[in-house]
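File shown here: start_30.cif, holding mmCIF, C-alpha atoms.
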data_final
#
loop_
_atom_site.label_atom_id
_atom_site.label_comp_id
_atom_site.auth_asym_id
_atom_site.auth_seq_id
_atom_site.Cartn_x
_atom_site.Cartn_y
_atom_site.Cartn_z
CA MET A 15 91.20 55.54 139.10
CA GLY A 16 92.43 54.96 142.67
CA ASN A 17 91.87 52.28 145.25
CA HIS A 18 88.44 51.55 146.63
CA SER A 19 87.36 49.40 149.54
CA ALA A 20 83.96 47.99 150.39
CA ASP A 21 82.46 45.54 152.86
CA ILE A 22 81.01 43.42 150.07
CA ILE A 23 81.93 43.41 146.39
CA ILE A 24 79.82 41.56 143.83
CA ILE A 25 81.37 40.79 140.45
CA GLY A 26 78.68 40.60 137.78
CA GLY A 27 75.59 42.74 137.35
CA GLY A 28 73.25 40.09 135.96
CA ALA A 29 70.28 38.35 137.57
CA ALA A 30 72.28 36.82 140.45
CA GLY A 31 74.52 39.86 140.99
CA LEU A 32 71.70 42.42 141.13
CA MET A 33 69.74 40.26 143.58
CA ALA A 34 72.89 39.74 145.67
CA GLY A 35 73.30 43.52 145.76
CA ALA A 36 69.69 44.10 146.77
CA GLY A 37 69.91 41.35 149.42
CA ALA A 38 73.22 42.49 150.94
CA ALA A 39 72.49 46.22 151.00
CA GLY A 40 68.93 45.57 152.20
CA ARG A 41 70.17 43.41 155.07
CA TYR A 42 72.66 46.10 156.14
CA ALA A 43 69.88 48.72 156.09
CA GLU A 44 67.50 46.50 158.10
CA ASN A 45 70.12 46.04 160.79
CA GLY A 46 71.16 49.70 160.83
CA ILE A 47 74.66 48.84 159.64
CA ASP A 48 76.57 51.35 157.52
CA GLY A 49 77.96 48.73 155.17
CA LYS A 50 79.23 49.43 151.65
CA VAL A 51 78.14 47.15 148.80
CA ILE A 52 79.60 47.55 145.29
CA ILE A 53 78.51 45.69 142.13
CA LEU A 54 81.13 45.61 139.36
CA GLU A 55 79.71 45.01 135.87
CA LYS A 56 82.00 44.71 132.83
CA MET A 57 79.40 45.83 130.26
CA PRO A 58 78.13 49.41 129.74
CA ARG A 59 74.75 48.35 131.14
CA PRO A 60 73.74 45.63 133.61
CA GLY A 61 71.49 42.66 132.90
CA ARG A 62 72.41 42.24 129.23
CA LYS A 63 71.53 38.54 129.18
CA ILE A 64 68.18 39.18 130.91
CA MET A 65 67.36 41.52 128.02
CA ILE A 66 67.36 38.68 125.47
CA THR A 67 65.55 36.15 127.68
CA GLY A 68 62.33 34.78 126.22
CA LYS A 69 62.95 36.65 122.93
CA GLY A 70 62.87 39.92 124.86
CA ARG A 71 59.69 39.11 126.80
CA CYS A 72 61.62 37.68 129.79
CA ASN A 73 60.04 34.62 131.37
CA PHE A 74 61.64 35.46 134.72
CA THR A 75 60.32 32.65 136.93
CA ASN A 76 58.01 29.65 137.13
CA VAL A 77 55.39 29.40 139.88
CA LYS A 78 55.38 25.60 140.21
CA ALA A 79 55.68 24.28 143.77
CA TRP A 80 59.12 23.02 144.82
CA ASN A 81 58.40 19.32 144.24
CA GLU A 82 57.67 19.94 140.56
CA PHE A 83 60.05 22.91 140.18
CA SER A 84 62.96 20.82 141.45
CA SER A 85 62.47 18.17 138.74
CA HIS A 86 63.66 20.80 136.22
CA ILE A 87 66.97 21.49 138.04
CA HIS A 88 70.26 19.72 137.20
CA PRO A 89 72.42 18.00 138.36
CA LYS A 90 71.65 18.30 142.12
CA PRO A 91 68.25 19.92 142.70
CA ASN A 92 68.45 19.50 146.48
CA PHE A 93 71.35 21.96 146.58
CA LEU A 94 68.91 24.69 145.51
CA LYS A 95 66.22 23.84 148.06
CA HIS A 96 67.37 26.20 150.82
CA SER A 97 67.86 29.11 148.40
CA PHE A 98 64.46 28.47 146.81
CA TYR A 99 62.56 28.44 150.09
CA ASN A 100 64.43 31.57 151.17
CA LEU A 101 63.20 33.32 147.99
CA THR A 102 60.43 31.37 146.26
CA SER A 103 58.96 32.11 142.84
CA GLU A 104 56.01 33.87 144.49
CA GLY A 105 58.50 35.73 146.68
CA MET A 106 60.32 36.92 143.56
CA ILE A 107 57.07 38.12 141.99
CA SER A 108 56.26 40.01 145.22
CA PHE A 109 59.78 41.46 145.33
CA LEU A 110 59.45 42.86 141.81
CA GLU A 111 55.92 44.13 142.47
CA SER A 112 57.07 45.91 145.64
CA ASN A 113 59.66 47.64 143.46
CA GLY A 114 57.10 48.75 140.88
CA MET A 115 56.79 45.94 138.30
CA GLU A 116 53.53 44.09 137.68
CA SER A 117 53.64 40.45 136.53
CA VAL A 118 51.42 38.00 134.66
CA VAL A 119 51.45 34.19 134.79
CA GLU A 120 50.87 32.38 131.50
CA ARG A 121 50.73 28.83 130.13
CA GLY A 122 53.09 26.41 131.85
CA ASP A 123 53.12 28.48 135.09
CA ARG A 124 55.58 30.89 133.47
CA ALA A 125 55.73 34.43 134.87
CA PHE A 126 56.44 37.49 132.67
CA PRO A 127 56.47 41.24 133.26
CA ALA A 128 52.95 42.51 132.51
CA SER A 129 54.48 44.73 129.81
CA HIS A 130 56.24 41.72 128.23
CA LEU A 131 59.37 43.86 128.12
CA ALA A 132 62.58 42.36 129.51
CA SER A 133 63.89 45.88 130.08
CA ASP A 134 61.28 46.31 132.84
CA VAL A 135 62.80 43.37 134.74
CA VAL A 136 66.32 44.82 134.43
CA ASP A 137 65.20 48.33 135.40
CA THR A 138 63.33 46.98 138.44
CA LEU A 139 66.28 44.90 139.63
CA VAL A 140 68.66 47.87 139.25
CA ARG A 141 66.23 50.13 141.09
CA ALA A 142 65.83 47.59 143.90
CA ALA A 143 69.61 47.17 144.34
CA GLU A 144 70.35 50.90 144.25
CA GLN A 145 67.47 51.90 146.52
CA ALA A 146 68.63 49.29 149.02
CA GLY A 147 71.99 51.06 149.01
CA ALA A 148 74.19 49.09 146.61
CA GLU A 149 76.50 51.02 144.28
CA LEU A 150 76.43 49.79 140.67
CA CYS A 151 79.61 50.44 138.66
CA CYS A 152 79.45 49.62 134.93
CA ASN A 153 82.32 49.36 132.41
CA LYS A 154 84.35 47.67 135.14
CA GLU A 155 85.94 44.61 133.58
CA VAL A 156 87.85 42.69 136.24
CA SER A 157 91.26 41.48 135.09
CA LEU A 158 92.57 40.13 138.40
CA CYS A 159 90.77 38.64 141.38
CA ILE A 160 92.81 37.11 144.24
CA SER A 161 92.40 36.21 147.90
CA GLU A 162 94.93 36.90 150.64
CA SER A 163 94.94 35.69 154.24
CA SER A 164 95.48 38.60 156.59
CA ASP A 165 96.99 38.62 160.10
CA ASP A 166 93.59 38.49 161.81
CA THR A 167 92.73 35.26 159.89
CA GLU A 168 90.16 37.11 157.79
CA THR A 169 90.45 36.83 154.03
CA LEU A 170 91.12 39.97 152.05
CA PHE A 171 90.08 39.98 148.41
CA ARG A 172 91.90 42.19 145.94
CA ILE A 173 90.40 43.09 142.58
CA ARG A 174 91.94 44.97 139.67
CA CYS A 175 89.98 46.25 136.69
CA LYS A 176 91.21 46.78 133.14
CA ASP A 177 90.77 50.54 133.52
CA GLY A 178 93.39 50.51 136.31
CA SER A 179 91.00 50.89 139.24
CA GLN A 180 91.54 48.61 142.24
CA TYR A 181 89.16 47.34 144.91
CA SER A 182 89.45 45.40 148.14
CA CYS A 183 86.85 43.73 150.36
CA ARG A 184 86.35 41.17 153.13
CA LYS A 185 83.37 39.53 151.43
CA LEU A 186 83.32 38.72 147.71
CA ILE A 187 80.38 37.33 145.71
CA ILE A 188 81.16 35.98 142.23
CA CYS A 189 78.12 36.17 139.92
CA THR A 190 79.81 36.23 136.52
CA GLY A 191 77.43 33.84 134.73
CA GLY A 192 78.59 31.17 132.31
CA MET A 193 79.95 31.06 128.77
CA SER A 194 76.65 31.41 126.90
CA TYR A 195 76.00 34.42 124.64
CA PRO A 196 79.51 35.87 125.13
CA LYS A 197 78.39 39.17 123.52
CA THR A 198 76.42 39.84 126.71
CA GLY A 199 79.65 39.66 128.73
CA SER A 200 79.54 35.99 129.76
CA THR A 201 83.04 34.80 128.94
CA GLY A 202 83.80 32.37 131.76
CA ASP A 203 85.89 34.71 133.93
CA GLY A 204 84.41 33.38 137.18
CA TYR A 205 85.49 29.82 136.42
CA ARG A 206 89.10 30.95 136.04
CA TRP A 207 89.11 32.89 139.31
CA ALA A 208 87.40 30.02 141.15
CA GLY A 209 90.02 27.59 139.85
CA ALA A 210 92.89 29.92 140.76
CA MET A 211 91.50 30.14 144.31
CA GLY A 212 91.46 26.36 144.64
CA HIS A 213 87.90 25.48 143.64
CA SER A 214 87.04 22.55 141.37
CA VAL A 215 85.17 23.44 138.19
CA ARG A 216 82.99 20.68 136.75
CA PRO A 217 83.27 20.21 132.94
CA LEU A 218 81.43 22.93 131.05
CA PHE A 219 79.15 22.39 128.06
CA PRO A 220 76.35 24.33 126.33
CA SER A 221 72.77 23.46 127.26
CA LEU A 222 69.34 24.60 126.06
CA THR A 223 70.82 24.78 122.59
CA ALA A 224 70.06 23.60 119.06
CA ILE A 225 70.96 20.01 118.28
CA VAL A 226 71.95 19.50 114.64
CA PRO A 227 70.70 16.47 112.64
CA ARG A 228 73.07 14.84 110.16
CA GLY A 229 72.74 16.50 106.76
CA TYR A 230 71.12 19.66 108.17
CA LYS A 231 74.18 21.91 107.77
CA GLU A 232 76.59 22.21 104.82
CA ASP A 233 80.09 20.68 104.82
CA VAL A 234 80.22 20.00 108.53
CA GLN A 235 83.84 18.99 109.08
CA ASN A 236 84.30 18.93 112.82
CA ALA A 237 87.79 19.82 113.98
CA PRO A 238 89.26 17.15 116.31
CA ASP A 239 88.87 19.46 119.29
CA SER A 240 85.35 20.67 118.48
CA LYS A 241 83.68 17.56 119.93
CA GLY A 242 80.57 18.10 117.83
CA HIS A 243 80.37 21.90 117.96
CA ILE A 244 78.76 23.22 114.76
CA HIS A 245 78.66 27.01 114.61
CA ARG A 246 75.22 28.55 114.25
CA SER A 247 76.35 30.49 111.16
CA THR A 248 77.18 27.29 109.19
CA PRO A 249 74.90 27.38 106.11
CA LEU A 250 71.91 25.05 105.85
CA THR A 251 71.74 22.26 103.29
CA GLU A 252 68.73 21.93 100.97
CA THR A 253 67.23 19.52 103.52
CA GLY A 254 67.94 21.93 106.40
CA SER A 255 66.35 24.78 104.46
CA SER A 256 63.21 22.75 103.77
CA LEU A 257 62.89 21.87 107.48
CA CYS A 258 63.82 25.32 108.83
CA GLY A 259 60.80 27.34 109.95
CA ASN A 260 58.54 24.38 110.68
CA GLN A 261 57.01 24.48 114.16
CA LEU A 262 55.51 21.22 115.39
CA LYS A 263 52.88 21.34 118.13
CA ASN A 264 52.15 18.53 120.58
CA VAL A 265 54.62 15.97 119.27
CA GLY A 266 56.73 13.34 121.01
CA LEU A 267 60.53 13.45 121.05
CA SER A 268 62.72 10.54 122.17
CA LEU A 269 66.49 10.76 122.65
CA TYR A 270 68.68 7.71 122.06
CA ILE A 271 72.28 7.44 123.24
CA ASP A 272 74.26 4.56 121.74
CA GLY A 273 70.96 2.99 120.71
CA ASN A 274 69.28 3.17 124.13
CA MET A 275 66.34 5.50 124.76
CA VAL A 276 67.31 7.78 127.65
CA GLN A 277 64.70 10.57 127.49
CA ASP A 278 61.13 10.93 126.23
CA GLU A 279 59.37 14.31 126.00
CA PHE A 280 56.04 15.68 124.74
CA GLY A 281 55.32 19.22 123.58
CA ASP A 282 56.38 21.71 120.92
CA LEU A 283 59.45 21.48 118.69
CA ASP A 284 60.98 23.97 116.22
CA PHE A 285 63.25 23.47 113.22
CA THR A 286 65.42 26.62 113.07
CA ASP A 287 68.53 27.92 111.33
CA GLY A 288 70.47 26.25 114.16
CA GLY A 289 68.81 22.83 114.11
CA ILE A 290 66.19 21.33 116.41
CA GLU A 291 65.06 23.71 119.15
CA GLY A 292 61.80 24.65 120.87
CA PRO A 293 60.76 23.58 124.38
CA ILE A 294 61.26 19.81 123.96
CA GLY A 295 64.28 20.20 121.70
CA PHE A 296 65.93 22.25 124.45
CA LYS A 297 64.85 19.71 127.08
CA VAL A 298 66.79 16.86 125.45
CA SER A 299 69.75 19.07 124.46
CA ARG A 300 71.50 18.86 127.84
CA ARG A 301 71.86 15.09 127.75
CA CYS A 302 72.37 15.01 123.98
CA VAL A 303 75.24 17.54 123.96
CA ASN A 304 76.95 15.88 126.90
CA ALA A 305 76.78 12.51 125.12
CA VAL A 306 78.18 13.87 121.84
CA ILE A 307 81.05 15.61 123.66
CA ASN A 308 81.89 12.32 125.38
CA GLY A 309 82.02 10.43 122.08
CA SER A 310 78.66 8.63 122.20
CA LYS A 311 76.28 8.34 119.26
CA ALA A 312 73.08 10.33 119.64
CA SER A 313 69.87 10.10 117.67
CA ILE A 314 66.30 11.25 118.09
CA SER A 315 62.88 10.01 117.04
CA ILE A 316 59.94 12.36 116.48
CA ASP A 317 56.43 11.02 116.98
CA LEU A 318 54.24 13.28 114.84
CA LYS A 319 51.03 11.57 116.01
CA PRO A 320 51.54 10.82 119.73
CA ALA A 321 47.82 10.73 120.50
CA VAL A 322 47.23 7.73 118.20
CA GLU A 323 48.66 4.20 118.45
CA THR A 324 50.44 2.86 115.35
CA GLU A 325 47.74 0.26 114.66
CA ASP A 326 44.93 2.83 114.81
CA LEU A 327 46.93 5.24 112.67
CA THR A 328 47.50 2.47 110.09
CA VAL A 329 43.73 1.86 109.88
CA ARG A 330 43.07 5.59 109.50
CA ILE A 331 45.69 5.98 106.75
CA THR A 332 44.39 2.88 104.91
CA THR A 333 40.88 4.37 104.97
CA LEU A 334 42.15 7.71 103.64
CA TRP A 335 44.20 5.95 100.94
CA ASN A 336 41.16 3.96 99.78
CA GLU A 337 39.07 7.14 99.59
CA ILE A 338 41.77 8.90 97.54
CA SER A 339 42.23 5.94 95.21
CA LYS A 340 38.46 5.54 94.60
CA ASP A 341 37.99 9.26 93.87
CA LYS A 342 37.43 9.59 90.11
CA LYS A 343 39.41 12.85 90.07
CA ASN A 344 42.53 10.88 90.99
CA ALA A 345 42.04 7.94 88.61
CA ALA A 346 44.63 9.11 86.08
CA LYS A 347 47.13 10.36 88.65
CA ALA A 348 50.45 8.62 89.25
CA TYR A 349 51.09 6.90 92.59
CA LYS A 350 53.43 9.64 93.84
CA ASP A 351 50.78 12.32 93.17
CA ARG A 352 48.08 10.36 95.01
CA PHE A 353 50.57 9.75 97.83
CA ARG A 354 51.18 13.49 98.13
CA ILE A 355 47.42 14.01 98.51
CA LEU A 356 47.54 11.49 101.37
CA LEU A 357 50.50 13.24 102.99
CA ALA A 358 48.65 16.58 102.86
CA LYS A 359 45.92 15.03 105.00
CA VAL A 360 48.31 13.95 107.78
CA LEU A 361 51.17 16.49 107.63
CA PRO A 362 51.59 20.29 107.37
CA MET A 363 52.23 21.16 103.70
CA SER A 364 55.52 22.88 104.57
CA LEU A 365 56.87 19.68 106.12
CA ILE A 366 56.12 17.35 103.18
CA PRO A 367 59.19 18.04 100.95
CA ALA A 368 61.68 17.37 103.78
CA PHE A 369 59.69 14.39 105.06
CA LEU A 370 59.81 12.78 101.61
CA LYS A 371 63.50 13.56 101.16
CA LEU A 372 64.40 11.99 104.50
CA ASN A 373 62.11 8.98 103.98
CA PRO A 374 62.88 8.12 100.31
CA ASN A 375 61.39 4.61 100.31
CA ILE A 376 58.14 5.46 102.05
CA ASP A 377 54.72 4.38 100.73
CA HIS A 378 51.17 4.40 102.09
CA LYS A 379 51.75 1.06 103.85
CA SER A 380 54.79 2.25 105.83
CA LEU A 381 53.57 5.82 106.40
CA ALA A 382 52.06 5.21 109.85
CA LYS A 383 55.32 3.78 111.21
CA SER A 384 57.32 6.71 109.78
CA LEU A 385 54.94 9.27 111.28
CA LYS A 386 55.29 7.60 114.67
CA ASP A 387 59.07 7.12 114.46
CA TRP A 388 60.78 9.79 112.31
CA LYS A 389 64.47 9.15 113.00
CA PHE A 390 67.35 11.65 112.86
CA GLU A 391 71.00 10.98 113.62
CA ILE A 392 72.56 13.90 115.50
CA SER A 393 75.88 15.14 114.15
CA GLY A 394 76.47 17.95 116.66
CA TYR A 395 75.16 21.00 118.46
CA VAL A 396 75.27 24.80 118.42
CA GLY A 397 77.80 26.07 120.99
CA TYR A 398 78.01 28.92 123.46
CA GLU A 399 77.46 31.49 120.70
CA ARG A 400 73.72 30.82 120.97
CA SER A 401 73.13 28.35 123.81
CA VAL A 402 70.78 29.67 126.49
CA ILE A 403 72.72 28.30 129.44
CA THR A 404 76.08 26.81 130.45
CA ALA A 405 75.98 23.44 132.21
CA GLY A 406 78.80 22.53 134.59
CA GLY A 407 80.62 25.06 136.76
CA VAL A 408 81.95 25.56 140.28
CA SER A 409 81.51 22.27 142.16
CA LEU A 410 78.52 22.27 144.53
CA ASP A 411 80.45 19.97 146.89
CA GLU A 412 82.62 22.95 147.81
CA ILE A 413 79.75 25.40 148.50
CA THR A 414 77.54 25.59 151.59
CA ALA A 415 73.97 25.40 150.28
CA LYS A 416 72.51 27.31 153.24
CA THR A 417 74.67 30.40 152.63
CA MET A 418 76.30 30.07 149.18
CA GLU A 419 79.68 30.52 150.92
CA SER A 420 82.78 28.66 149.82
CA LYS A 421 83.82 25.81 152.11
CA LEU A 422 87.43 26.49 151.11
CA ILE A 423 87.75 30.28 151.50
CA PRO A 424 85.77 32.14 154.18
CA GLY A 425 84.09 35.26 152.83
CA LEU A 426 83.92 33.99 149.24
CA TYR A 427 80.46 33.33 147.79
CA PHE A 428 79.17 32.10 144.42
CA ALA A 429 75.71 32.47 142.87
CA GLY A 430 73.92 31.94 139.58
CA GLU A 431 75.14 30.27 136.41
CA VAL A 432 78.80 30.16 137.52
CA LEU A 433 77.74 27.27 139.79
CA ASP A 434 77.36 23.70 138.55
CA LEU A 435 73.60 24.23 138.58
CA ASP A 436 71.39 24.64 135.52
CA ALA A 437 67.78 24.07 134.58
CA ASP A 438 65.26 23.45 131.82
CA THR A 439 63.70 26.28 129.86
CA GLY A 440 60.59 27.89 131.38
CA GLY A 441 61.80 30.44 133.96
CA TYR A 442 63.74 27.97 136.10
CA ASN A 443 67.24 29.29 135.33
CA LEU A 444 66.47 32.90 136.20
CA GLN A 445 64.73 31.88 139.43
CA THR A 446 67.80 29.81 140.32
CA ALA A 447 69.97 32.90 139.76
CA PHE A 448 67.64 35.14 141.79
CA SER A 449 67.37 32.70 144.71
CA THR A 450 71.09 31.86 144.96
CA GLY A 451 72.09 35.52 144.43
CA TYR A 452 69.73 36.80 147.10
CA LEU A 453 70.86 34.16 149.61
CA ALA A 454 74.53 34.93 148.93
CA GLY A 455 73.82 38.64 149.48
CA ILE A 456 72.01 38.33 152.81
CA SER A 457 74.50 35.71 154.03
CA ALA A 458 77.50 37.92 153.22
CA ALA A 459 75.87 40.86 155.07
CA LYS A 460 75.28 38.91 158.29
#

Give the structure from this file in C-alpha cells form.
Amino acid sequence: MGNHSADIIIIGGGAAGLMAGAGAAGRYAENGIDGKVIILEKMPRPGRKIMITGKGRCNFTNVKAWNEFSSHIHPKPNFLKHSFYNLTSEGMISFLESNGMESVVERGDRAFPASHLASDVVDTLVRAAEQAGAELCCNKEVSLCISESSDDTETLFRIRCKDGSQYSCRKLIICTGGMSYPKTGSTGDGYRWAGAMGHSVRPLFPSLTAIVPRGYKEDVQNAPDSKGHIHRSTPLTETGSSLCGNQLKNVGLSLYIDGNMVQDEFGDLDFTDGGIEGPIGFKVSRRCVNAVINGSKASISIDLKPAVETEDLTVRITTLWNEISKDKKNAAKAYKDRFRILLAKVLPMSLIPAFLKLNPNIDHKSLAKSLKDWKFEISGYVGYERSVITAGGVSLDEITAKTMESKLIPGLYFAGEVLDLDADTGGYNLQTAFSTGYLAGISAAK
C-alpha cells in the first residue's frame, strides 16, 4: 500500500469534504501552484449521506438571505457568517450550475436539483473536486490520525488506513460528519481524533429526529444509560399504530420543558413509525432531545385549529352539534355515534380513533379545548440510527471562523457536521457543510 504524501489531505468525502477538495485544488490551480490534494473516504462511494437527503430528492440549500438563514443555525449562528458570505446559497447554486447541474427553488426557499435526484448533487460535487485537481480515494478507512511538531515548527500530520496505507501532510482538513445514519459511514471518528489532538468536543446528541410520545411504542424500558433513546425498530403500540401515517397540515406545535413553554411552531407534522416528525416535529426535536437527555420532563401540545380562537371554535362546534342533534336521521342514535359524526366534521377520519383513545373523557362541550390543546408527554427520542443530524461537536471557541483553522494546532482545519454547528431542516445543514468545507479548502491552500 506504501506511504503517500500530499500538501493537503481531507478526511471525509461528504458534502464538506468534497467542497473542501474543490476549494483547495481550485485555489492551487488559480495560483499556478502544483499542490497535491487528496480526499480519503471510508465508504466505497462518496456522498452517501447526501444520497438519502430529502428522501433522495436532496434539498441542498436554502436561498433565504443571511438575516433569516442565520435564525435556523445553532448554537452560534455568527460563527457561520464569514463562511456563508464567502459561499452563499446563490453562490452554491451557481457553483453546481457551472459544473453541469441545473437547480430549482421550491416552497420555503428550498433548492433542489432540477432532476430531483440526489445522485446528481453527488456526481456534480465529485466532478467539481476532481476537475479542480483533487484526488478522491474511496475505501480508505482511517484508523489513526496524529499530529507531530517538526523541527521547522510546522505540524506534520500522519494518517494510517485500515488497509495498511499511510499518508502524511502539512495541512489536514477533518470533514468526517457526525454520528447520524452510521450506515453511511458517520461513526464519530472525527470527534475522537479532535479530542486526542487536544480539542474540546461539546456534548453530542441526535437532532432533527423523531420524538416519541408516551404510550406510542411497546414496552419501552429505557436502560439507565440510554437517557431516553428509544430505537426506531421498537414496535408500535395500538395507539402508535392508529396515529402512524397521519400527516397534519398547518397545525401549531408547542414544546414544554418542566411545564414551561419554550418553543412554538406552525406548519406540517407527521406521525411515523418513529414518533412525531415532519418539519415542525423536527424543529422542536433539538431542544426536546437535549432536555430529555438532561433529565427534564418534556411534553408537547398540538393545536389542530390554529387559525381559530377557542371561543370561536366552541361556537362553531356548538352550532354543528345542534344541527346533528336536530337531524331526524340521528334521532335514534346513541350519544357516542352522534359525537363521531361531529368529530368527522372537524378531524380527518384516520385521526379519530387515536384522538378518542387519547382523550377518553371528551364530549362536545370540551372538544374545542382538546382540538386547540392536544397534549402528549414525551417519553424519549429516536437516536443516531435515524436522526438527520448530530448536534454538538468540536468546540467553535477553538476554531477561527474566518479560515476554519484550529487555534490549537496550525494546519489543522475542521468543516461540516463534525463542528458544534447544526441547523433546522430545509437545506440549512448542507449549505453549512458546503460553506465551511469550501472556506477550509481555500484557506488551507493559501

Expected selection from the PyMOL selection byres ((chain A and resi 283) around 12), given as a PyMOL selection string: chain A and resi 224-225+257-268+279-282+284-286+289-298+316-318

Taking the file as I've supplied it (selection: the PyMOL selection byres ((chain A and resi 71) around 7)), which residues are included? Please answer as a compact mmCIF listing (two decimals) with C-alpha atoms, keeping the file's coordinate frame.
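Saved the output as result.txt:
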# COMPACT_ATOMS: atom_id res chain seq x y z
CA THR A 67 65.55 36.15 127.68
CA GLY A 68 62.33 34.78 126.22
CA LYS A 69 62.95 36.65 122.93
CA GLY A 70 62.87 39.92 124.86
CA CYS A 72 61.62 37.68 129.79
CA ASN A 73 60.04 34.62 131.37
CA PHE A 126 56.44 37.49 132.67
CA HIS A 130 56.24 41.72 128.23
CA LEU A 131 59.37 43.86 128.12
CA ALA A 132 62.58 42.36 129.51

Target residues per the PyMOL selection byres ((chain A and resi 154-157) around 9), formatted as a CSV table (one decimal) with C-alpha atoms, in the coordinates of the input:
chain,number,residue,atom,x,y,z
A,25,ILE,CA,81.4,40.8,140.4
A,54,LEU,CA,81.1,45.6,139.4
A,55,GLU,CA,79.7,45.0,135.9
A,56,LYS,CA,82.0,44.7,132.8
A,57,MET,CA,79.4,45.8,130.3
A,58,PRO,CA,78.1,49.4,129.7
A,151,CYS,CA,79.6,50.4,138.7
A,152,CYS,CA,79.4,49.6,134.9
A,153,ASN,CA,82.3,49.4,132.4
A,158,LEU,CA,92.6,40.1,138.4
A,159,CYS,CA,90.8,38.6,141.4
A,173,ILE,CA,90.4,43.1,142.6
A,174,ARG,CA,91.9,45.0,139.7
A,175,CYS,CA,90.0,46.2,136.7
A,176,LYS,CA,91.2,46.8,133.1
A,177,ASP,CA,90.8,50.5,133.5
A,179,SER,CA,91.0,50.9,139.2
A,203,ASP,CA,85.9,34.7,133.9

Edge lengths and centre in Å to one decimal, as lines of an AutoDock Vina configuration file, of the axis-aligned box that encloses all listed atoms of segment 382-396 of chain A with 8 Å added on every side?
center_x = 64.3
center_y = 14.3
center_z = 114.1
size_x = 40.4
size_y = 37.0
size_z = 24.7

Neighbouring residues of Val360 of chain A were defined as those with any atom within 12 Å, considering all atoms listed in the file; residues of the same chain fewer than 5 positions away were excluded. Please report them as a list in words.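 Using all atoms listed in the file, the neighbours found are Leu318, Lys319, Leu327, Thr328, Arg330, Ile331, Leu334, Trp335, Phe353, Arg354, Ile355, Leu365, Ile366, Phe369, His378, Leu381, Ala382, Ser384, Leu385 and Lys386 of chain A.
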
Given the selection you just returned, output its residues as a file containing C-alpha atoms, formatted as a PDB file, in the coordinates of the input.
ATOM      1  CA  LEU A 318      54.240  13.280 114.840  1.00  0.00           C
ATOM      2  CA  LYS A 319      51.030  11.570 116.010  1.00  0.00           C
ATOM      3  CA  LEU A 327      46.930   5.240 112.670  1.00  0.00           C
ATOM      4  CA  THR A 328      47.500   2.470 110.090  1.00  0.00           C
ATOM      5  CA  ARG A 330      43.070   5.590 109.500  1.00  0.00           C
ATOM      6  CA  ILE A 331      45.690   5.980 106.750  1.00  0.00           C
ATOM      7  CA  LEU A 334      42.150   7.710 103.640  1.00  0.00           C
ATOM      8  CA  TRP A 335      44.200   5.950 100.940  1.00  0.00           C
ATOM      9  CA  PHE A 353      50.570   9.750  97.830  1.00  0.00           C
ATOM     10  CA  ARG A 354      51.180  13.490  98.130  1.00  0.00           C
ATOM     11  CA  ILE A 355      47.420  14.010  98.510  1.00  0.00           C
ATOM     12  CA  LEU A 365      56.870  19.680 106.120  1.00  0.00           C
ATOM     13  CA  ILE A 366      56.120  17.350 103.180  1.00  0.00           C
ATOM     14  CA  PHE A 369      59.690  14.390 105.060  1.00  0.00           C
ATOM     15  CA  HIS A 378      51.170   4.400 102.090  1.00  0.00           C
ATOM     16  CA  LEU A 381      53.570   5.820 106.400  1.00  0.00           C
ATOM     17  CA  ALA A 382      52.060   5.210 109.850  1.00  0.00           C
ATOM     18  CA  SER A 384      57.320   6.710 109.780  1.00  0.00           C
ATOM     19  CA  LEU A 385      54.940   9.270 111.280  1.00  0.00           C
ATOM     20  CA  LYS A 386      55.290   7.600 114.670  1.00  0.00           C
TER      21      LYS A 386
END

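Picture a line from atom CA of Lys371 of chain A to atom CA of Lys340 of chain A; it runs 27.1 Å.
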
Might you pull out every residue within 12 Å of Glu120 of chain A, with only C-alpha atoms counted and same-chain residues fewer than 6 positions away left off, and present them as an MDAnalysis selection string? chainID A and resid 73:78 126:128 130 440:441

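Counting from atom CA of Thr332 of chain A, the distance to atom CA of Trp388 of chain A is 19.3 Å.
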
Write out as a ChimeraX atom specification which residues come within 8 Å of Ser256 of chain A when counting all atoms listed in the file, dropping same-chain ones fewer than 2 positions away. /A:252-254,258,364-365,367-368

Based on the selection just made, write C-alpha atoms of those residues as a PDB file, in the frame of the given file.
ATOM      1  CA  GLU A 252      68.730  21.930 100.970  1.00  0.00           C
ATOM      2  CA  THR A 253      67.230  19.520 103.520  1.00  0.00           C
ATOM      3  CA  GLY A 254      67.940  21.930 106.400  1.00  0.00           C
ATOM      4  CA  CYS A 258      63.820  25.320 108.830  1.00  0.00           C
ATOM      5  CA  SER A 364      55.520  22.880 104.570  1.00  0.00           C
ATOM      6  CA  LEU A 365      56.870  19.680 106.120  1.00  0.00           C
ATOM      7  CA  PRO A 367      59.190  18.040 100.950  1.00  0.00           C
ATOM      8  CA  ALA A 368      61.680  17.370 103.780  1.00  0.00           C
TER       9      ALA A 368
END

Could you give me, as a count of residues only, the residues within 10 Å of Phe93 of chain A, counting only C-alpha atoms and dropping anything in the same chain fewer than 6 positions from it? 10

Counting only C-alpha atoms, which residues sit no farther than 10 Å from the position (79.1, 15.4, 128.7) in the file's frame? I'd like them as a list of chain:residue names. A:Pro217, A:Leu218, A:Phe219, A:Pro220, A:Arg300, A:Arg301, A:Cys302, A:Val303, A:Asn304, A:Ala305, A:Val306, A:Ile307, A:Asn308, A:Gly309, A:Ser310, A:Ala405, A:Gly406

At a cut-off of 10 Å around the point (87.8, 20.6, 140.2) (file coordinates), what residues fall inside when counting all atoms listed in the file? I'd like the answer as a PyMOL selection string. chain A and resi 208-209+212-217+407-409+411-412

By how many Å are atom CA of Ile187 of chain A and atom CA of Asp48 of chain A apart? 18.7 Å

Shell around Ile24 of chain A at 6 Å using only C-alpha atoms, local window under 6 positions removed, as a PyMOL selection string: chain A and resi 53+186-188

Shortest interatomic distance to Met275 of chain A - which of A:Lys197, A:Lys311, A:Arg141, A:Arg172, counting all atoms listed in the file: A:Lys311

Residue nearest Leu222 of chain A - candidates A:Ser299, A:Tyr452, A:Gly28, A:Gly16, atoms counted: all atoms listed in the file: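 Selected residue with least distance to Leu222 of chain A: A:Ser299.
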
Under the rule that only C-alpha atoms are counted, which of A:Met211, A:Ala146, A:Ala20, A:Val322 is the nearest residue to Leu32 of chain A?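 Ranking A:Met211, A:Ala146, A:Ala20, A:Val322 by distance to Leu32 of chain A, first place goes to A:Ala146.
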